[in-house]
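Undergrad: Coordinates in work_31.txt, compact mmCIF, C-alpha atoms, are listed below.
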```
# COMPACT_ATOMS: atom_id res chain seq x y z
CA MET A 146 0.00 0.00 0.00
CA ALA A 147 2.81 2.39 0.99
CA PRO A 148 4.69 2.18 -2.34
CA ALA A 149 1.44 2.97 -4.18
CA MET A 150 0.83 6.03 -1.99
CA ASN A 151 4.40 7.20 -2.59
CA MET A 152 3.86 6.78 -6.32
CA VAL A 153 0.71 8.96 -6.22
CA ARG A 154 2.44 11.69 -4.20
CA ARG A 155 5.38 11.71 -6.64
CA VAL A 156 3.03 12.07 -9.59
CA GLN A 157 1.13 14.88 -7.86
CA THR A 158 4.40 16.69 -7.13
CA TRP A 159 5.56 16.41 -10.74
CA LEU A 160 2.14 17.54 -11.94
CA PHE A 161 2.28 20.58 -9.64
CA ILE A 162 5.78 21.46 -10.87
CA LEU A 163 4.66 21.06 -14.47
CA LEU A 164 1.69 23.36 -13.96
CA LEU A 165 3.88 25.92 -12.19
CA VAL A 166 6.41 25.92 -15.03
CA SER A 167 3.59 26.15 -17.61
CA SER A 168 2.08 29.14 -15.80
CA ALA A 169 5.44 30.88 -15.67
CA ALA A 170 6.05 30.17 -19.36
CA MET A 171 2.61 31.53 -20.30
CA GLY A 172 3.28 34.64 -18.24
CA VAL A 173 6.54 35.24 -20.12
CA VAL A 174 4.83 34.69 -23.50
CA LEU A 175 2.03 37.12 -22.61
CA TRP A 176 4.54 39.74 -21.47
CA GLN A 177 6.41 39.39 -24.76
CA LEU A 178 3.18 39.65 -26.79
CA ARG A 179 2.30 42.81 -24.90
CA GLU A 180 5.72 44.27 -25.64
CA HIS A 181 5.36 43.39 -29.33
CA ALA A 182 1.92 45.05 -29.47
CA HIS A 183 3.28 48.15 -27.79
CA LYS A 184 6.16 48.32 -30.28
CA ARG A 185 3.74 47.88 -33.21
CA LEU A 186 1.60 50.71 -31.87
CA LEU A 187 4.58 53.00 -31.56
CA ALA A 188 5.73 52.04 -35.03
CA GLY A 189 2.25 52.92 -36.39
CA GLN A 190 2.39 56.33 -34.76
CA ASP A 191 5.76 56.92 -36.32
CA THR A 192 4.35 56.38 -39.78
CA ALA A 193 1.48 58.85 -39.25
CA PRO A 194 1.56 61.78 -41.68
CA THR A 195 3.29 64.80 -40.31
CA GLN A 196 2.51 67.07 -43.26
CA ALA A 197 0.13 69.97 -42.79
CA PRO A 198 -3.32 69.40 -44.34
CA GLU A 199 -3.57 70.55 -47.92
CA ILE A 200 -5.20 73.97 -48.25
CA SER A 201 -7.39 74.43 -51.30
CA PRO A 202 -6.63 77.46 -53.45
CA GLU A 203 -8.87 80.46 -52.94
CA GLU A 204 -11.39 81.08 -55.69
CA ARG A 205 -14.26 83.43 -56.32
CA ALA A 206 -17.75 82.18 -55.58
CA THR A 207 -21.12 83.83 -56.12
CA LEU A 208 -23.75 83.42 -53.44
CA LEU A 209 -27.39 84.34 -54.09
CA VAL A 210 -28.27 85.81 -50.74
CA ALA A 211 -31.94 86.05 -49.77
CA ASN A 212 -33.41 89.18 -48.27
CA ASP A 213 -36.66 88.86 -46.33
CA ALA A 214 -37.32 92.60 -46.44
CA ASP A 215 -38.05 92.69 -50.18
CA SER A 216 -38.20 88.97 -51.00
CA SER A 217 -35.18 89.25 -53.25
CA LEU A 218 -32.07 87.20 -54.05
CA LEU A 219 -28.98 89.37 -54.43
CA PRO A 220 -25.67 88.05 -55.83
CA GLN A 221 -22.75 88.45 -53.48
CA GLU A 222 -19.19 87.58 -54.55
CA LEU A 223 -16.75 86.05 -52.08
CA THR A 224 -13.28 84.57 -52.23
CA LEU A 225 -12.89 81.32 -50.32
CA PRO A 226 -10.85 78.09 -50.48
CA LEU A 227 -12.68 75.65 -52.75
CA PRO A 228 -11.89 71.95 -53.18
CA GLN A 229 -11.44 70.58 -56.69
CA ASP A 230 -14.05 67.85 -56.24
CA MET A 231 -17.34 69.32 -57.50
CA GLY A 232 -19.55 67.73 -54.83
CA SER A 233 -17.28 68.98 -52.04
CA ARG A 234 -17.09 72.38 -53.72
CA ALA A 235 -20.89 72.64 -53.81
CA ARG A 236 -21.04 71.67 -50.13
CA VAL A 237 -18.48 74.31 -49.15
CA ILE A 238 -20.27 77.04 -51.13
CA LEU A 239 -23.68 76.18 -49.71
CA GLY A 240 -22.13 75.97 -46.24
CA LYS A 241 -20.83 79.52 -46.67
CA LEU A 242 -24.30 80.66 -47.77
CA LEU A 243 -25.91 79.13 -44.69
CA ASP A 244 -23.15 80.59 -42.49
CA LEU A 245 -24.24 84.04 -43.72
CA TYR A 246 -27.84 83.25 -42.76
CA ALA A 247 -26.74 82.17 -39.29
CA LEU A 248 -24.95 85.46 -38.57
CA PRO A 249 -26.60 88.01 -36.28
CA GLY A 250 -28.35 90.67 -38.36
CA ALA A 251 -28.62 88.41 -41.42
CA THR A 252 -31.02 89.57 -44.13
CA HIS A 253 -32.57 86.09 -44.09
CA PRO A 254 -31.98 84.71 -40.60
CA VAL A 255 -31.87 80.91 -40.44
CA PRO A 256 -30.01 79.10 -37.67
CA GLY A 257 -27.72 76.18 -38.38
CA GLY A 258 -24.87 77.39 -40.58
CA ALA A 259 -22.56 75.22 -42.66
CA ALA A 260 -23.22 72.13 -40.54
CA SER A 261 -26.77 72.07 -41.95
CA ILE A 262 -25.51 70.75 -45.31
CA GLY A 263 -24.99 67.01 -44.95
CA GLN A 264 -23.81 66.24 -48.46
CA VAL A 265 -24.30 67.43 -52.02
CA PHE A 266 -24.47 64.66 -54.63
CA LEU A 267 -24.05 65.50 -58.31
CA LEU A 268 -25.76 63.14 -60.74
CA PRO A 269 -26.57 63.27 -64.44
CA ALA A 270 -29.78 65.25 -64.85
CA VAL A 271 -32.84 63.24 -65.76
CA SER A 272 -35.35 64.74 -68.15
CA LEU A 273 -38.96 63.64 -68.08
CA ASN A 274 -39.56 65.62 -71.22
CA GLY A 275 -37.36 64.49 -74.07
CA PRO A 276 -33.72 65.38 -74.72
CA LEU A 277 -31.96 67.59 -72.25
CA PRO A 278 -30.72 70.97 -73.42
CA THR A 279 -27.20 72.10 -72.58
CA VAL A 280 -28.63 75.08 -70.73
CA ALA A 281 -31.63 74.82 -68.44
CA PRO A 282 -34.81 76.22 -69.93
CA ALA A 283 -36.06 79.17 -67.96
CA ALA A 284 -39.63 78.14 -67.20
CA ARG A 285 -40.69 81.73 -66.97
CA ASN A 286 -44.30 82.47 -67.14
CA PRO A 287 -45.39 84.16 -70.33
CA GLY A 288 -48.76 84.95 -68.78
CA SER A 289 -49.91 88.46 -68.05
CA GLY A 290 -50.24 90.17 -64.73
CA PRO A 291 -47.87 90.96 -61.92
CA GLY A 292 -45.57 88.21 -60.84
CA SER A 293 -45.18 86.78 -64.32
CA GLY A 294 -41.65 85.69 -64.91
CA ALA A 295 -41.27 84.97 -61.26
CA ARG A 296 -38.86 82.52 -59.75
CA GLY A 297 -39.07 78.91 -58.76
CA ALA A 298 -40.89 76.84 -61.36
CA PRO A 299 -40.32 73.18 -60.60
CA SER A 300 -39.71 70.79 -63.47
CA ALA A 301 -42.77 68.75 -62.58
CA ALA A 302 -44.67 71.45 -64.40
CA ASN A 303 -45.02 69.73 -67.72
CA PRO A 304 -47.95 67.36 -68.03
CA ALA A 305 -46.55 66.09 -71.31
CA ALA A 306 -43.91 64.41 -69.22
CA ALA A 307 -45.86 61.21 -68.87
CA LYS A 308 -45.78 60.69 -72.61
CA ASN A 309 -42.03 60.72 -72.87
CA ALA A 310 -39.40 58.31 -71.79
CA ARG A 311 -36.94 59.37 -69.12
CA THR A 312 -33.72 60.66 -70.61
CA VAL A 313 -30.44 60.72 -68.72
CA ALA A 314 -27.97 63.49 -69.55
CA PRO A 315 -24.77 62.38 -71.28
CA GLU A 316 -21.36 62.73 -69.65
CA GLY A 317 -20.53 66.43 -69.39
CA GLY A 318 -24.20 67.35 -69.73
CA PRO A 319 -26.60 68.95 -67.25
CA GLN A 320 -26.45 67.73 -63.68
CA LEU A 321 -28.94 67.13 -60.91
CA ALA A 322 -27.71 68.22 -57.48
CA VAL A 323 -29.19 66.36 -54.54
CA VAL A 324 -28.77 68.46 -51.40
CA ASN A 325 -29.00 66.53 -48.16
CA LEU A 326 -29.98 68.88 -45.33
CA THR A 327 -29.97 68.00 -41.65
CA SER A 328 -33.22 67.55 -39.76
CA ALA A 329 -31.95 70.08 -37.18
CA PHE A 330 -31.85 72.71 -39.94
CA ALA A 331 -35.39 71.91 -41.09
CA ALA A 332 -36.67 71.90 -37.51
CA ALA A 333 -35.12 75.28 -36.73
CA HIS A 334 -36.06 76.93 -40.04
CA PRO A 335 -38.50 79.83 -39.68
CA SER A 336 -41.96 78.78 -40.84
CA GLY A 337 -43.53 80.70 -43.71
CA ILE A 338 -44.00 80.54 -47.46
CA GLU A 339 -41.67 83.45 -48.12
CA ALA A 340 -38.91 82.36 -45.75
CA GLU A 341 -38.90 78.75 -46.95
CA THR A 342 -39.18 79.63 -50.64
CA LEU A 343 -36.27 82.07 -50.37
CA THR A 344 -34.07 79.43 -48.71
CA VAL A 345 -34.85 76.85 -51.39
CA LEU A 346 -34.35 79.31 -54.25
CA SER A 347 -31.14 80.78 -52.83
CA ILE A 348 -29.67 77.27 -52.57
CA CYS A 349 -30.76 76.45 -56.15
CA GLY A 350 -29.51 79.76 -57.52
CA THR A 351 -26.17 79.58 -55.69
CA LEU A 352 -25.54 76.06 -57.01
CA HIS A 353 -26.31 77.13 -60.58
CA ALA A 354 -24.22 80.31 -60.32
CA ASN A 355 -21.10 78.37 -59.30
CA LEU A 356 -21.68 75.05 -61.04
CA PRO A 357 -23.45 76.00 -64.29
CA ARG A 358 -23.93 72.34 -65.22
CA VAL A 359 -26.28 72.00 -62.25
CA THR A 360 -29.69 72.64 -63.77
CA GLN A 361 -31.92 70.67 -61.40
CA VAL A 362 -31.95 70.47 -57.62
CA ARG A 363 -33.66 68.03 -55.30
CA PHE A 364 -33.68 68.01 -51.52
CA LEU A 365 -33.40 65.34 -48.86
CA VAL A 366 -33.49 65.77 -45.11
CA ASP A 367 -31.26 63.33 -43.20
CA GLY A 368 -31.15 61.25 -46.36
CA GLN A 369 -34.92 60.88 -46.58
CA PRO A 370 -37.52 62.61 -48.78
CA ARG A 371 -39.54 65.18 -46.83
CA ALA A 372 -42.85 66.80 -47.78
CA THR A 373 -41.99 70.40 -46.87
CA LEU A 374 -39.08 72.36 -45.44
CA ALA A 375 -40.92 73.81 -42.43
CA GLY A 376 -44.59 73.33 -43.30
CA HIS A 377 -44.79 75.20 -46.60
CA ALA A 378 -42.17 74.91 -49.38
CA ASP A 379 -42.55 71.62 -51.25
CA LEU A 380 -39.38 69.52 -50.98
CA THR A 381 -40.69 66.63 -53.07
CA ARG A 382 -40.23 68.59 -56.31
CA THR A 383 -37.29 68.85 -58.64
CA TYR A 384 -36.44 72.54 -58.82
CA LEU A 385 -34.97 74.11 -61.94
CA ALA A 386 -31.85 75.87 -60.71
CA ALA A 387 -31.88 78.55 -63.40
CA ASP A 388 -35.28 79.79 -62.22
CA ALA A 389 -33.77 81.10 -59.02
CA ALA A 390 -31.78 83.72 -60.94
CA PRO A 391 -32.29 87.20 -59.49
CA SER A 392 -35.19 89.11 -60.90
CA SER A 393 -36.92 92.33 -60.05
CA GLU A 394 -40.45 91.23 -59.49
CA ALA A 395 -40.44 92.09 -55.79
CA HIS A 396 -42.77 95.00 -55.35
CA PRO A 397 -42.62 97.67 -52.71
CA MET B 2 -63.02 79.16 -51.41
CA LEU B 3 -61.14 80.14 -48.28
CA ASP B 4 -58.48 77.86 -46.89
CA ALA B 5 -57.22 78.64 -43.39
CA ALA B 6 -53.83 76.92 -43.52
CA HIS B 7 -52.71 74.40 -40.90
CA GLY B 8 -55.00 73.46 -37.97
CA GLY B 9 -55.39 70.70 -35.41
CA ASP B 10 -52.17 68.79 -34.79
CA GLU B 11 -50.37 70.93 -37.33
CA ALA B 12 -49.92 74.37 -35.80
CA GLY B 13 -47.82 75.84 -38.62
CA GLY B 14 -45.53 78.67 -37.51
CA LYS B 15 -45.35 79.53 -33.82
CA PHE B 16 -44.75 83.16 -32.98
CA GLY B 17 -44.47 83.46 -29.21
CA SER B 18 -47.92 82.78 -27.83
CA LEU B 19 -49.46 82.94 -31.31
CA ALA B 20 -49.91 79.98 -33.63
CA GLU B 21 -50.28 80.33 -37.38
CA LYS B 22 -53.31 78.02 -37.39
CA ASP B 23 -55.25 80.40 -35.10
CA LEU B 24 -54.30 83.53 -37.03
CA THR B 25 -55.34 82.03 -40.35
CA LEU B 26 -58.66 80.84 -38.92
CA ALA B 27 -59.35 84.31 -37.48
CA LEU B 28 -58.71 85.91 -40.87
CA GLU B 29 -60.82 83.29 -42.64
CA VAL B 30 -63.78 84.00 -40.33
CA ARG B 31 -63.49 87.74 -40.98
CA LEU B 32 -63.28 87.24 -44.74
CA ARG B 33 -66.18 84.79 -44.82
CA SER B 34 -68.40 87.21 -42.90
CA LEU B 35 -67.51 90.13 -45.15
CA LEU B 36 -68.04 88.11 -48.33
CA ALA B 37 -71.32 86.60 -47.08
CA ALA B 38 -72.54 90.10 -46.24
CA ARG B 39 -72.03 90.98 -49.90
CA GLY B 40 -74.00 87.95 -51.05
CA ILE B 41 -71.01 85.87 -52.09
CA ALA B 42 -71.19 82.15 -51.35
CA VAL B 43 -68.11 80.95 -49.49
CA VAL B 44 -66.74 77.44 -49.04
CA THR B 45 -64.10 76.90 -46.34
CA THR B 46 -61.67 74.08 -45.69
CA ARG B 47 -62.12 74.29 -41.93
CA GLU B 48 -64.29 76.16 -39.45
CA SER B 49 -62.51 75.02 -36.31
CA ASP B 50 -59.14 73.83 -35.04
CA ALA B 51 -59.23 70.68 -37.17
CA THR B 52 -56.49 68.82 -38.99
CA VAL B 53 -56.99 68.97 -42.75
CA THR B 54 -54.45 67.44 -45.12
CA PRO B 55 -53.20 69.41 -48.14
CA GLU B 56 -54.90 66.84 -50.41
CA ARG B 57 -58.24 67.35 -48.66
CA ARG B 58 -57.92 71.12 -48.98
CA ALA B 59 -57.40 70.82 -52.72
CA GLU B 60 -60.31 68.33 -52.94
CA ILE B 61 -62.64 70.81 -51.23
CA ALA B 62 -61.53 73.60 -53.55
CA ASN B 63 -61.89 71.45 -56.65
CA HIS B 64 -65.34 70.15 -55.74
CA ALA B 65 -66.53 73.69 -55.00
CA GLY B 66 -65.78 74.89 -58.53
CA ALA B 67 -64.84 78.21 -56.96
CA GLN B 68 -64.29 81.47 -58.86
CA ALA B 69 -61.34 82.18 -56.60
CA CYS B 70 -59.37 80.18 -54.04
CA LEU B 71 -57.39 81.87 -51.28
CA SER B 72 -55.02 79.91 -49.06
CA LEU B 73 -54.41 82.00 -45.94
CA HIS B 74 -51.07 81.91 -44.11
CA ALA B 75 -49.27 83.98 -41.48
CA THR B 76 -45.59 84.49 -40.77
CA GLN B 77 -43.25 86.48 -38.59
CA THR B 78 -40.75 86.84 -41.45
CA GLY B 79 -40.68 89.92 -43.67
CA SER B 80 -43.36 92.56 -43.50
CA GLY B 81 -46.78 93.32 -44.95
CA VAL B 82 -48.60 90.90 -47.23
CA HIS B 83 -46.87 88.30 -49.38
CA MET B 84 -48.90 86.86 -52.23
CA PHE B 85 -47.85 83.74 -54.07
CA VAL B 86 -49.01 82.04 -57.24
CA SER B 87 -47.99 78.47 -58.01
CA SER B 88 -44.57 78.25 -59.62
CA LEU B 89 -45.85 75.67 -62.12
CA ALA B 90 -45.40 76.73 -65.74
CA PRO B 91 -48.71 77.59 -67.43
CA GLN B 92 -50.18 74.79 -69.54
CA ASP B 93 -53.25 74.39 -71.70
CA PRO B 94 -56.14 72.75 -69.89
CA ALA B 95 -56.31 68.98 -70.34
CA ARG B 96 -59.28 66.64 -69.87
CA ILE B 97 -57.39 64.76 -67.18
CA ALA B 98 -55.03 66.80 -65.04
CA ALA B 99 -52.19 65.35 -62.99
CA TRP B 100 -52.96 65.84 -59.31
CA LYS B 101 -49.66 67.45 -58.35
CA THR B 102 -49.66 69.87 -61.31
CA ALA B 103 -53.38 70.52 -61.77
CA GLN B 104 -52.90 74.24 -61.10
CA SER B 105 -50.71 74.64 -64.20
CA ALA B 106 -53.81 75.11 -66.37
CA TRP B 107 -54.98 77.91 -64.06
CA VAL B 108 -51.73 79.77 -63.46
CA THR B 109 -52.48 82.55 -65.95
CA ARG B 110 -55.84 83.28 -64.31
CA SER B 111 -54.25 83.02 -60.87
CA LEU B 112 -51.76 85.70 -61.92
CA ALA B 113 -54.64 87.90 -63.09
CA LEU B 114 -56.40 87.42 -59.73
CA GLU B 115 -53.15 88.25 -57.94
CA GLY B 116 -52.95 91.49 -59.93
CA LEU B 117 -56.39 92.61 -58.77
CA LEU B 118 -55.75 91.66 -55.15
CA ASN B 119 -52.38 93.46 -55.32
CA SER B 120 -54.10 96.66 -56.53
CA ALA B 121 -56.69 96.44 -53.75
CA LEU B 122 -54.05 95.90 -51.07
CA LEU B 123 -51.88 98.74 -52.36
CA GLN B 124 -54.93 101.01 -52.39
CA ALA B 125 -55.47 100.12 -48.76
CA GLY B 126 -51.91 101.32 -48.06
CA MET B 127 -50.49 97.88 -47.43
CA ASN B 128 -46.96 96.73 -48.19
CA VAL B 129 -47.22 93.88 -50.75
CA THR B 130 -44.66 91.40 -52.04
CA LEU B 131 -45.44 89.11 -54.96
CA GLY B 132 -43.80 85.79 -55.69
CA ARG B 133 -44.08 82.25 -56.95
CA THR B 134 -43.87 79.15 -54.81
CA ALA B 135 -44.30 75.39 -54.78
CA LEU B 136 -47.03 74.80 -52.19
CA PRO B 137 -48.52 71.29 -52.24
CA SER B 138 -52.21 72.20 -51.76
CA LEU B 139 -52.07 75.18 -54.12
CA ASP B 140 -50.50 73.16 -56.94
CA SER B 141 -53.42 70.72 -56.93
CA MET B 142 -56.24 73.29 -57.13
CA ILE B 143 -58.24 73.75 -60.32
CA CYS B 144 -59.33 77.35 -59.73
CA PRO B 145 -57.61 80.74 -59.77
CA ALA B 146 -55.60 80.22 -56.60
CA ILE B 147 -53.45 82.52 -54.47
CA ALA B 148 -51.58 81.94 -51.23
CA VAL B 149 -51.91 85.05 -49.08
CA GLU B 150 -49.34 85.23 -46.27
CA PHE B 151 -49.55 88.14 -43.88
CA ALA B 152 -46.62 89.31 -41.77
CA PRO B 153 -46.34 92.11 -39.19
CA GLU B 154 -46.23 95.55 -40.76
CA SER B 155 -42.77 97.05 -40.54
CA ALA B 156 -42.14 100.01 -38.25
CA GLN B 157 -39.72 101.49 -40.78
CA LYS B 158 -42.26 102.23 -43.49
CA ASP B 159 -43.62 105.77 -43.09
CA GLN B 160 -42.43 105.76 -39.46
CA LYS B 161 -45.62 103.99 -38.41
CA PRO B 162 -45.51 101.81 -35.32
CA ALA B 163 -45.09 98.08 -35.94
CA VAL B 164 -48.37 96.25 -36.31
CA GLN B 165 -48.50 92.74 -34.96
CA LEU B 166 -50.17 89.72 -36.55
CA ASP B 167 -52.99 89.51 -34.01
CA ASP B 168 -53.87 93.20 -34.24
CA PRO B 169 -57.64 93.19 -34.96
CA ASP B 170 -57.44 96.46 -36.92
CA TYR B 171 -54.69 95.07 -39.13
CA GLN B 172 -56.68 91.91 -39.82
CA ALA B 173 -59.81 93.96 -40.52
CA ARG B 174 -57.94 96.21 -43.00
CA LEU B 175 -56.45 93.19 -44.69
CA ALA B 176 -59.81 91.43 -44.93
CA GLU B 177 -61.52 94.55 -46.33
CA ALA B 178 -58.81 94.96 -48.97
CA LEU B 179 -59.00 91.31 -49.98
CA VAL B 180 -62.77 91.51 -50.26
CA ALA B 181 -62.45 94.61 -52.46
CA GLY B 182 -60.06 92.70 -54.69
CA LEU B 183 -62.33 89.66 -54.84
CA LEU B 184 -65.33 91.83 -55.77
CA ALA B 185 -63.29 93.39 -58.59
CA TRP B 186 -62.34 89.87 -59.68
CA ARG B 187 -65.97 88.75 -59.71
CA ALA B 188 -66.95 91.76 -61.79
CA GLU B 189 -64.16 91.03 -64.25
CA GLU B 190 -65.12 87.36 -64.43
CA ARG B 191 -68.74 88.30 -65.15
CA GLN B 192 -67.61 90.57 -67.97
CA GLN B 193 -65.47 87.84 -69.47
CA TRP B 194 -67.88 84.95 -68.84
CA PRO B 195 -71.39 86.53 -68.85
CA GLN B 196 -74.08 84.34 -67.33
CA PRO B 197 -76.98 83.42 -69.64
```
Starting from the file, lay out its structure as structure tokens.

TA:
Amino acid sequence: MAPAMNMVRRVQTWLFILLLVSSAAMGVVLWQLREHAHKRLLAGQDTAPTQAPEISPEERATLLVANDADSSLLPQELTLPLPQDMGSRARVILGKLLDLYALPGATHPVPGGAASIGQVFLLPAVSLNGPLPTVAPAARNPGSGPGSGARGAPSAANPAAAKNARTVAPEGGPQLAVVNLTSAFAAAHPSGIEAETLTVLSICGTLHANLPRVTQVRFLVDGQPRATLAGHADLTRTYLAADAAPSSEAHP
Amino acid sequence: MLDAAHGGDEAGGKFGSLAEKDLTLALEVRLRSLLAARGIAVVTTRESDATVTPERRAEIANHAGAQACLSLHATQTGSGVHMFVSSLAPQDPARIAAWKTAQSAWVTRSLALEGLLNSALLQAGMNVTLGRTALPSLDSMICPAIAVEFAPESAQKDQKPAVQLDDPDYQARLAEALVAGLLAWRAEERQQWPQP
């Protein structure tokens, strides 16, 4: 019996020693792995770019600035750094326009500023009415009476559209700008037909003034279609950008 | 046809303690009374603080076959009265009109109505701004249709004190001027389309 007990004790001792050595070995391996990870991290930081961010060259931009007092859109020229990418350029220009509206004493006060423009996507324009012209048709009203020739005719105006197949503009042709606004901007926008219409038209006109290929503008809010901007101006329409050009139909 | 914009769950603009839906209803009631007193039949989209969708407003206007449709709005932005005609391009009338662009066949007449209302408001000494807009209910109406948005009167014009939206005298002057314009419109319509 005694030799068997001795045998068991010896095995237990060797097992204990083996486990102790294994634990120590694992500890060493873990320590080394940690050191390797730390070195890799430091090496990664070393390869981080140390160059200053590239500054875009300054260029002239035309903003169509709304004025609530006389319901007008007045061109205002500015010099600001503009990226070469057209979508980013459109976003920067519209951001500057909304920055002006967010300033105290703005002629068309709207809170939010540049952060209100999520993205601007530029796509080939789609015509519902036959071939696309190289320049947007000014859908001015030939009718009589005051207000004729006024701004803001959406392209959904033509009932003949249903008869014609959709036509996509060729490369280098007219473009559709899709402006994605933030819901915070829409929520804070002053409610009213005039205020909302001026915001929409100043965005359309500013896009067209700086990117002449942009002939149509659509709006999204947080990436989703929205019925109106703040209860009035229709955001489900495709606006013709050229129709937001300044005109003198505002009456005293 | 008088359409007091907003209502019910949809308050429209909020200007301090004032809500656009209440201001438009107050003006609609004034206008309806003045027009009824002159023997003109009036259809309204709402008579109380009720929710009415833009589609329902256009339906009411279209079923009424009205000689003139006024959509009444209020705002704190700008000054005086802003009048808007649909920004749809004028089109020849078609047997079947697309819902969202039905107003396009009426834009020319809407502009003529706007001209008469503009003259009446200017005669009443009011500051008027004219424009075009894309307003969902207006674009679906098959009648001469105008959106009338009234704002506080500016203190800068003629050094007069600022007049607020809920000023009863201001609303009364506005209603009287609009009625004068609508009466001129009815007379013109009768000349152009004499009744047998």

Undergrad: Could you list, as a list in words, the residues of chain B having an atom within 6 Å of chain A when counting all atoms listed in the file?

TA: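 Therefore, the residues near the partner are Gly14, Thr76, Gly79, Ser88, Leu89, Ala90, Thr109, Leu112, Ala113, Gly116, Thr130, Leu131, Gly132, Arg133, Ala135 and Leu136 of chain B.
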
Undergrad: With all atoms listed in the file as the basis for distance, which of B:Leu139, B:Ala98, B:Ala75, B:Ala59 is at the shortest distance from Glu154 (chain B)?

TA: B:Ala75

Undergrad: Suppose you want the space between CA of His7 (chain B) and CA of Leu35 (chain B); what is it in Å?

TA: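 Taking CA of His7 (chain B) and CA of Leu35 (chain B), their separation equals 22.0 Å.
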
Undergrad: Identify the residues around (-33.6, 79.2, -36.3) within a radius of 9 Å, measuring from only C-alpha atoms in the coordinates stated by the file, and give them as an mmCIF file with C-alpha atoms, keeping the file's coordinate frame.

TA:
```cif
data_model
loop_
_atom_site.group_PDB
_atom_site.id
_atom_site.type_symbol
_atom_site.label_atom_id
_atom_site.label_comp_id
_atom_site.auth_asym_id
_atom_site.auth_seq_id
_atom_site.Cartn_x
_atom_site.Cartn_y
_atom_site.Cartn_z
ATOM 1 C CA ALA A 247 -26.740 82.170 -39.290
ATOM 2 C CA PRO A 254 -31.980 84.710 -40.600
ATOM 3 C CA VAL A 255 -31.870 80.910 -40.440
ATOM 4 C CA PRO A 256 -30.010 79.100 -37.670
ATOM 5 C CA GLY A 257 -27.720 76.180 -38.380
ATOM 6 C CA PHE A 330 -31.850 72.710 -39.940
ATOM 7 C CA ALA A 331 -35.390 71.910 -41.090
ATOM 8 C CA ALA A 332 -36.670 71.900 -37.510
ATOM 9 C CA ALA A 333 -35.120 75.280 -36.730
ATOM 10 C CA HIS A 334 -36.060 76.930 -40.040
ATOM 11 C CA PRO A 335 -38.500 79.830 -39.680
#
```

Undergrad: Smallest atom-to-atom distance to Asp50 (chain B): which of B:Val164, B:Gly8, B:Asp140, B:Leu118, using all atoms listed in the file?

TA: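 Smallest distance to Asp50 (chain B) is found for B:Gly8.
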
Undergrad: Do you know which residues are at most 7 Å from Leu73 (chain B) counting all atoms listed in the file, after dropping those on the same chain fewer than 3 positions away, and could you put them as a PyMOL selection string?

TA: chain B and resi 4-6+25+148-150

Undergrad: What would the file look like if the residues just selected were written as a CSV table (one decimal), in the frame of the given file with C-alpha atoms?

TA:
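The new file out-v7.csv reads:
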```csv
chain,number,residue,atom,x,y,z
B,4,ASP,CA,-58.5,77.9,-46.9
B,5,ALA,CA,-57.2,78.6,-43.4
B,6,ALA,CA,-53.8,76.9,-43.5
B,25,THR,CA,-55.3,82.0,-40.4
B,148,ALA,CA,-51.6,81.9,-51.2
B,149,VAL,CA,-51.9,85.0,-49.1
B,150,GLU,CA,-49.3,85.2,-46.3
```

Undergrad: What is the distance between CA of Gly126 (chain B) and CA of Val30 (chain B), in Å to one decimal?

TA: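 Here the two named atoms are 22.4 Å from each other.
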
Undergrad: What separation in Å, quoted to one decimal, exists between CA of Ala146 (chain B) and CA of Gly350 (chain A)?

TA: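 Atom-to-atom, CA of Ala146 (chain B) and CA of Gly350 (chain A) are spaced 26.1 Å apart.
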
Undergrad: Find the residues near Gln165 (chain B): any atom within 9 Å, counting all atoms listed in the file, skip ones fewer than 3 places away on the same chain, and give them as a list in words.

TA: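 Skipping anything fewer than 3 positions along the chain leaves Gln77, Ala152, Pro153, Glu154, Asp168 and Tyr171 of chain B.
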
Undergrad: What lies within 12 Å of Leu175 (chain B) using all atoms listed in the file, ignoring chain neighbours under 5 positions off, as a PyMOL selection string?

TA: chain B and resi 27-29+31-32+35+73+81-83+118-119+121-129+149-154+166-170+180-182

Undergrad: Nearest to Gln172 (chain B) among B:Cys144, B:Leu114, B:Gly40, B:Leu24, with distances taken over all atoms listed in the file: which residue is it?

TA: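 With all atoms listed in the file as the atom set, the closest residue is B:Leu24.
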
Undergrad: What residues have an atom no more than 6 Å from (-60.6, 81.4, -51.8) in the file's own frame, counting all atoms listed in the file, and can you write them as a list in words?

TA: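 Residues satisfying the cut-off, written out: Met2, Leu3, Ala69, Cys70 and Leu71 of chain B.
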
Undergrad: Find the residue from A:Val265, A:Val359, A:Val174, A:Ala386 that sits nearest to Gln320 (chain A); use all atoms listed in the file when measuring.

TA: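 Smallest distance to Gln320 (chain A) is found for A:Val359.
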
Undergrad: Counting only C-alpha atoms, what is within 6 Å of Pro319 (chain A), bar same-chain residues fewer than 2 positions away, as JSON, numbers by chain?

TA: {"A": [270, 358, 359, 360]}

Undergrad: When distances are computed from only C-alpha atoms, which of B:Ser18, B:Ser155, B:Ser138, B:Thr46 shows the smallest separation from Ser80 (chain B)?

TA: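 Closest candidate: B:Ser155.
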